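*Asks:* Let me begin by handing over the structure; questions about it come next.
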Amino acid sequence: MAKRVDHDQRRRQIAEAVWRIAAARGLDSVSMREVAAEAGVSLRLVQYYFETKHNLLVLALRYLHERGEQRAQARIAELPEDSVRGVLRSVLTELLPLDEERAQSLRVHAAYFSRTHSDPELAKVFLGEGTPIEDLVTGLLSAAALGPGADPRHEANLLVSGITGLGLDLLYDRYRPDEVIATLDYHLDRLFGTA
């Protein structure tokens, strides 16, 4: 009896090979042949599933976004926090490269980011629809009693872009994780009062 192949699982296996190459050497090092070798499959199989390198890059990016969202939702669901500040802190901390999986994800995102300047179709996938993280943070801030004059959307934009930039600084060892967390707590203390 022939073995059943899970085509989605096979595509994801190949996408993960793209991520490993992109994280280690950048997207310019991604070729169908390199991906096949990294994934431990034949070049013909990569070509069968993706047809072109561009299709491979686009689908690998979609899978990366999907995985990141699933991971974040799972971690948020496990939060013992019942305060808005605690949930917000956990959501923002999830964006930091504090373990190898999140560090690799941020490296891959950085590789894709640099490529989006010359590839409008890839830029559409990279940017996605709307601003889900900023929307989530805005919603959390809107539910909190912030000080007068604080605008939840502007604060959300600053928090998300700030933590993203600090995450890149962590990748390059400009700061230690405890320094970045202290900076996050400093800003949250300004918004919510001292924890």
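If you're wondering about the labels, chains in the structure tokens are A, B, ... by order shown, residues count from 1 in each chain, ligands from 1 in order shown.
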Using only C-alpha atoms, I'd like a table of the residues in segment 117-195 of chain A that come within 9 Å of segment 60-72 of chain A; for each, show the closest atom pair and its distance in Å rounded to one decimal, ordered by chain and ascending number, as a tab-separated table.
*Replies:*
residue	atom	partner	partner_atom	distance
A:Leu122	CA	A:Leu61	CA	8.5
A:Val125	CA	A:Arg62	CA	7.0
A:Phe126	CA	A:Leu61	CA	7.0
A:Gly128	CA	A:His65	CA	9.0
*Asks:* Select from segment 86-153 of chain A every residue with an atom at most 10 Å from any atom of segment 22-33 of chain A, then for each give the shortest pair of atoms and their distance in Å to one decimal, using only C-alpha atoms, rows by chain and rising number, as a tab-separated table.
*Replies:*
residue	atom	partner	partner_atom	distance
A:Ala103	CA	A:Ala23	CA	8.9
A:Gln104	CA	A:Ala23	CA	5.9
A:Ser105	CA	A:Ala23	CA	7.7
A:Leu106	CA	A:Ala23	CA	8.2
A:Arg107	CA	A:Ala23	CA	5.0
A:Val108	CA	A:Ala23	CA	4.8
A:His109	CA	A:Ala23	CA	8.5
A:Ala110	CA	A:Ala23	CA	8.5
A:Ala111	CA	A:Gly26	CA	5.4
A:Tyr112	CA	A:Leu27	CA	6.9
A:Phe113	CA	A:Leu27	CA	9.9
A:Ser114	CA	A:Leu27	CA	8.9
A:Arg115	CA	A:Leu27	CA	7.4
*Asks:* Excluding same-chain residues fewer than 2 positions from Ser90 of chain A, what lies within 12 Å of it counting only C-alpha atoms, as a PyMOL selection string?
*Replies:* chain A and resi 72-88+92-96+137+140+163+181+184-185+188
*Asks:* Show me, as an MDAnalysis selection string, the residues that have an atom within 12 Å of segment 145-158 of chain A when counting only C-alpha atoms, minus same-chain residues fewer than 6 positions from it.
*Replies:* chainID A and resid 83:85 88:89 91:92 131:139 164:166 184 187:193
*Asks:* Quick one: write out the picked residues with N, CA, C and O atoms as an mmCIF file, in the first residue's frame?
*Replies:*
data_model
loop_
_atom_site.group_PDB
_atom_site.id
_atom_site.type_symbol
_atom_site.label_atom_id
_atom_site.label_comp_id
_atom_site.auth_asym_id
_atom_site.auth_seq_id
_atom_site.Cartn_x
_atom_site.Cartn_y
_atom_site.Cartn_z
ATOM 1 N N SER A 83 -4.339 41.550 34.777
ATOM 2 C CA SER A 83 -4.332 43.005 34.618
ATOM 3 C C SER A 83 -3.998 43.345 33.171
ATOM 4 O O SER A 83 -3.274 42.615 32.491
ATOM 5 N N VAL A 84 -4.533 44.451 32.696
ATOM 6 C CA VAL A 84 -4.250 44.900 31.331
ATOM 7 C C VAL A 84 -2.753 45.128 31.164
ATOM 8 O O VAL A 84 -2.154 44.729 30.169
ATOM 9 N N ARG A 85 -2.125 45.735 32.162
ATOM 10 C CA ARG A 85 -0.695 45.998 32.084
ATOM 11 C C ARG A 85 0.091 44.689 31.958
ATOM 12 O O ARG A 85 1.013 44.585 31.151
ATOM 13 N N LEU A 88 -0.461 43.216 28.490
ATOM 14 C CA LEU A 88 0.257 44.041 27.520
ATOM 15 C C LEU A 88 1.760 43.765 27.580
ATOM 16 O O LEU A 88 2.414 43.606 26.543
ATOM 17 N N ARG A 89 2.292 43.669 28.772
ATOM 18 C CA ARG A 89 3.720 43.385 28.936
ATOM 19 C C ARG A 89 4.063 42.030 28.314
ATOM 20 O O ARG A 89 5.070 41.871 27.628
ATOM 21 N N VAL A 91 2.387 40.419 25.904
ATOM 22 C CA VAL A 91 2.241 40.504 24.453
ATOM 23 C C VAL A 91 3.489 41.128 23.840
ATOM 24 O O VAL A 91 4.051 40.620 22.862
ATOM 25 N N LEU A 92 3.958 42.220 24.414
ATOM 26 C CA LEU A 92 5.128 42.912 23.857
ATOM 27 C C LEU A 92 6.406 42.108 24.061
ATOM 28 O O LEU A 92 7.273 42.075 23.180
ATOM 29 N N THR A 131 -2.975 46.127 10.656
ATOM 30 C CA THR A 131 -1.913 46.187 11.671
ATOM 31 C C THR A 131 -2.382 45.421 12.910
ATOM 32 O O THR A 131 -2.733 46.022 13.922
ATOM 33 N N PRO A 132 -2.393 44.093 12.840
ATOM 34 C CA PRO A 132 -2.994 43.306 13.920
ATOM 35 C C PRO A 132 -2.333 43.482 15.290
ATOM 36 O O PRO A 132 -3.039 43.543 16.302
ATOM 37 N N ILE A 133 -1.024 43.571 15.357
ATOM 38 C CA ILE A 133 -0.360 43.716 16.662
ATOM 39 C C ILE A 133 -0.687 45.085 17.247
ATOM 40 O O ILE A 133 -1.040 45.193 18.418
ATOM 41 N N GLU A 134 -0.563 46.122 16.415
ATOM 42 C CA GLU A 134 -0.884 47.463 16.887
ATOM 43 C C GLU A 134 -2.354 47.566 17.303
ATOM 44 O O GLU A 134 -2.684 48.223 18.292
ATOM 45 N N ASP A 135 -3.232 46.884 16.563
ATOM 46 C CA ASP A 135 -4.660 46.885 16.912
ATOM 47 C C ASP A 135 -4.891 46.209 18.268
ATOM 48 O O ASP A 135 -5.678 46.701 19.087
ATOM 49 N N LEU A 136 -4.200 45.085 18.494
ATOM 50 C CA LEU A 136 -4.329 44.383 19.774
ATOM 51 C C LEU A 136 -3.852 45.276 20.921
ATOM 52 O O LEU A 136 -4.529 45.410 21.948
ATOM 53 N N VAL A 137 -2.688 45.895 20.751
ATOM 54 C CA VAL A 137 -2.130 46.756 21.797
ATOM 55 C C VAL A 137 -3.026 47.983 22.007
ATOM 56 O O VAL A 137 -3.278 48.387 23.144
ATOM 57 N N THR A 138 -3.554 48.541 20.920
ATOM 58 C CA THR A 138 -4.483 49.675 21.044
ATOM 59 C C THR A 138 -5.708 49.275 21.850
ATOM 60 O O THR A 138 -6.164 50.016 22.729
ATOM 61 N N GLY A 139 -6.245 48.091 21.568
ATOM 62 C CA GLY A 139 -7.410 47.605 22.311
ATOM 63 C C GLY A 139 -7.118 47.444 23.789
ATOM 64 O O GLY A 139 -7.934 47.823 24.640
ATOM 65 N N THR A 164 10.080 46.362 18.638
ATOM 66 C CA THR A 164 10.650 45.725 17.443
ATOM 67 C C THR A 164 12.099 46.175 17.238
ATOM 68 O O THR A 164 12.990 45.363 16.980
ATOM 69 N N GLY A 165 12.324 47.472 17.369
ATOM 70 C CA GLY A 165 13.687 47.988 17.244
ATOM 71 C C GLY A 165 14.610 47.451 18.327
ATOM 72 O O GLY A 165 15.763 47.089 18.060
ATOM 73 N N LEU A 166 14.102 47.387 19.547
ATOM 74 C CA LEU A 166 14.914 46.841 20.637
ATOM 75 C C LEU A 166 15.189 45.352 20.425
ATOM 76 O O LEU A 166 16.256 44.851 20.802
ATOM 77 N N LEU A 184 11.070 48.479 28.591
ATOM 78 C CA LEU A 184 9.640 48.227 28.421
ATOM 79 C C LEU A 184 8.882 48.569 29.703
ATOM 80 O O LEU A 184 7.857 49.264 29.667
ATOM 81 N N HIS A 187 8.481 52.303 30.247
ATOM 82 C CA HIS A 187 7.414 52.925 29.464
ATOM 83 C C HIS A 187 6.030 52.531 29.992
ATOM 84 O O HIS A 187 5.124 53.366 30.069
ATOM 85 N N LEU A 188 5.865 51.263 30.357
ATOM 86 C CA LEU A 188 4.571 50.842 30.910
ATOM 87 C C LEU A 188 4.277 51.546 32.217
ATOM 88 O O LEU A 188 3.125 51.905 32.491
ATOM 89 N N ASP A 189 5.306 51.780 33.030
ATOM 90 C CA ASP A 189 5.124 52.527 34.286
ATOM 91 C C ASP A 189 4.649 53.950 33.984
ATOM 92 O O ASP A 189 3.831 54.508 34.729
ATOM 93 N N ARG A 190 5.168 54.553 32.934
ATOM 94 C CA ARG A 190 4.730 55.898 32.561
ATOM 95 C C ARG A 190 3.243 55.897 32.180
ATOM 96 O O ARG A 190 2.520 56.839 32.477
ATOM 97 N N LEU A 191 2.809 54.825 31.512
ATOM 98 C CA LEU A 191 1.414 54.749 31.071
ATOM 99 C C LEU A 191 0.453 54.354 32.187
ATOM 100 O O LEU A 191 -0.645 54.885 32.294
ATOM 101 N N PHE A 192 0.888 53.383 33.013
ATOM 102 C CA PHE A 192 -0.011 52.801 34.002
ATOM 103 C C PHE A 192 0.274 53.210 35.430
ATOM 104 O O PHE A 192 -0.472 52.874 36.334
ATOM 105 N N GLY A 193 1.404 53.855 35.652
ATOM 106 C CA GLY A 193 1.858 54.083 37.024
ATOM 107 C C GLY A 193 2.760 52.936 37.426
ATOM 108 O O GLY A 193 2.767 51.882 36.788
#
*Asks:* As a ChimeraX atom specification, please: every residue in segment 51-157 of chain A that DSSP puts in alpha helix (DSSP H).
*Replies:* /A:53-77,84-94,100-116,120-127,132-143,152-157
